[in-house]
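J.: Here it is: the structure, laid out below.
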Amino acid sequence: MSTSADATSPTTSLANHAYEILRHRLIMLDIAPGDPINEAALSAELEVGRTPIREALKRLERDHLVVSYPRRGTFATNVDLTDLSTISEMREALEPIAARRAARNLTTERRADFTAAIADLRALESTDEQRTLMERDLDVHRLIYSSVDNPHLSETLIRLDDLATRIWCLVIPGIPDLVTHIREHIDLLEAILDGDEETVAARAAEHVREFDKTVRTTLR
């Protein structure tokens with residue numbers, strides 16, 4: 001049986017470290033869809049053993065970010081655009097719940113974090129690199145998810161947002177005004193600061209619908 005000591009063991013800590021790094025590379029398409037995952041190379045690069053790498057890859061497979069085949073190896077999953085509808089359906093149902101809880105759970109520290117996030121979004125420029133814009137987009141979603149005080153909800157939303165981000169990264173070259181889409185979070189964050197649960201729920205759902213519409217328009 002697992003113990004609390006197991007959860008904080010050196011191997012677990014290293015596996016978590018490898019997982020976070022690889023997950024970010026996969027969702028940002030630094031590891032391209034279909035690319036093979038070289039365990040030995042990653043072990044050397046991240047300076048961890050093969051066991052933590054394998055543990056990280058098991059988690060990433062559960063997240064649908066990698067897939068393993070017997071005698072062939074492990075690969076980054078392809079970005080399946082036909083998944084957009086099901087991902088958006090789930091996010092449109094769950095994002096408003098998360099936004100409501102974030103508005104309800106405001107503390108002094110969280111209020112400062114949301115205020116800083118709004119300032120970061122206002123400071124974005126159309127000349128900023130796409131990578132910078134996407135990182136800000138991720139930061140906003142992670143901030144909201146970290147404020148829901150419901151680990152099951154936040155974990156589910158993170159997995160869905162990871163898959164949505166991969167689709168987003170794939171279509172970015174066809175989006176003429178990415179910074180405007182990223183700045184659309186400002187109204188949502190301001191409503192959270194106001195504690196207006198009805199407004200934040202509506203804006204969170206609308207944000208998902210706009211994401212879905214933008215992707216579909218870009219793919220035409």
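Ordering of the structure tokens sets the chain letters (A, B, ...); residue numbers start at 1 within each chain; ligands are numbered from 1 in the order shown.
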If you run DSSP on this backbone, which residues of range 52-163 of chain A come out as alpha helix (DSSP H), and could you give them as an NGL selection string?
T.: :A and (52-62 or 84-104 or 108-122 or 130-145 or 151-163)
J.: Just the residues within 10 Å of Leu124 in chain A, please, counting only C-alpha atoms, with nothing from its chain fewer than 5 positions along; format it as a list in words.
T.: Ala119, Glu129, Thr132, Leu133, Arg136, Val179, Thr180, Ile182 and Arg183 of chain A
J.: Could you list, as a list in words, every residue within 8 Å of range 154-160 of chain A, counting only C-alpha atoms and ignoring same-chain residues fewer than 3 positions away?
T.: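 Once the adjacent positions are removed, what remains is Asp63, Ile87, Met90, Arg91, Leu94, Glu95, Ala98, Arg142, Tyr145, Ser146, Val148, Asp149, Asn150, Pro151, Leu163 and Ala164 of chain A.
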J.: Would you please work out which residue, of A:Thr82, A:Thr77, A:Thr199, A:Thr218, is nearest to Ile175 in chain A when using only C-alpha atoms?
T.: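 Between A:Thr82, A:Thr77, A:Thr199, A:Thr218, the residue approaching Ile175 in chain A most closely is A:Thr218.
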J.: According to DSSP computed on the backbone, where in range 72-161 of chain A is there strand (DSSP E)? Give the residues as a PDB file with C-alpha atoms, in the first residue's frame.
T.:
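That gives us out_37.pdb:
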ATOM      1  CA  GLY A  73       8.246   2.828 -28.341  1.00  0.00           C
ATOM      2  CA  THR A  74       6.455   5.919 -27.109  1.00  0.00           C
ATOM      3  CA  PHE A  75       5.291   8.797 -29.297  1.00  0.00           C
ATOM      4  CA  ALA A  76       3.617  12.171 -28.891  1.00  0.00           C
TER       5      ALA A  76
END
J.: So which one's closest to Arg104 in chain A, A:Thr51, A:Ser13, A:Ser147, A:Ser43? Using only C-alpha atoms, please.
T.: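 With only C-alpha atoms as the atom set, the closest residue is A:Ser147.
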J.: Can you list, as a ChimeraX atom specification, every protein, DNA or RNA residue that comes within 9 Å of Val171 in chain A when you count only C-alpha atoms, leaving out same-chain residues fewer than 3 positions away?
T.: /A:166-168,174-175,215,218-219
J.: Have a look at A:Asn38, A:Thr107, A:Thr127, A:Thr165 and name the one nearest to Arg72 in chain A; count only C-alpha atoms.
T.: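 Under the stated criterion, the closest residue is A:Asn38.
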J.: Could you tell me which of A:Leu138, A:Ser68, A:Leu193, A:Leu188 comes closest to Thr108 in chain A if we count only C-alpha atoms?
T.: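 Of A:Leu138, A:Ser68, A:Leu193, A:Leu188, the one nearest Thr108 in chain A is A:Leu193, counting only C-alpha atoms.
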J.: Could you check which of A:Ser126, A:Ala99, A:Asp120, A:His152 is closest to Ala201 in chain A, using only C-alpha atoms?
T.: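 Selected residue with least distance to Ala201 in chain A: A:Ala99.
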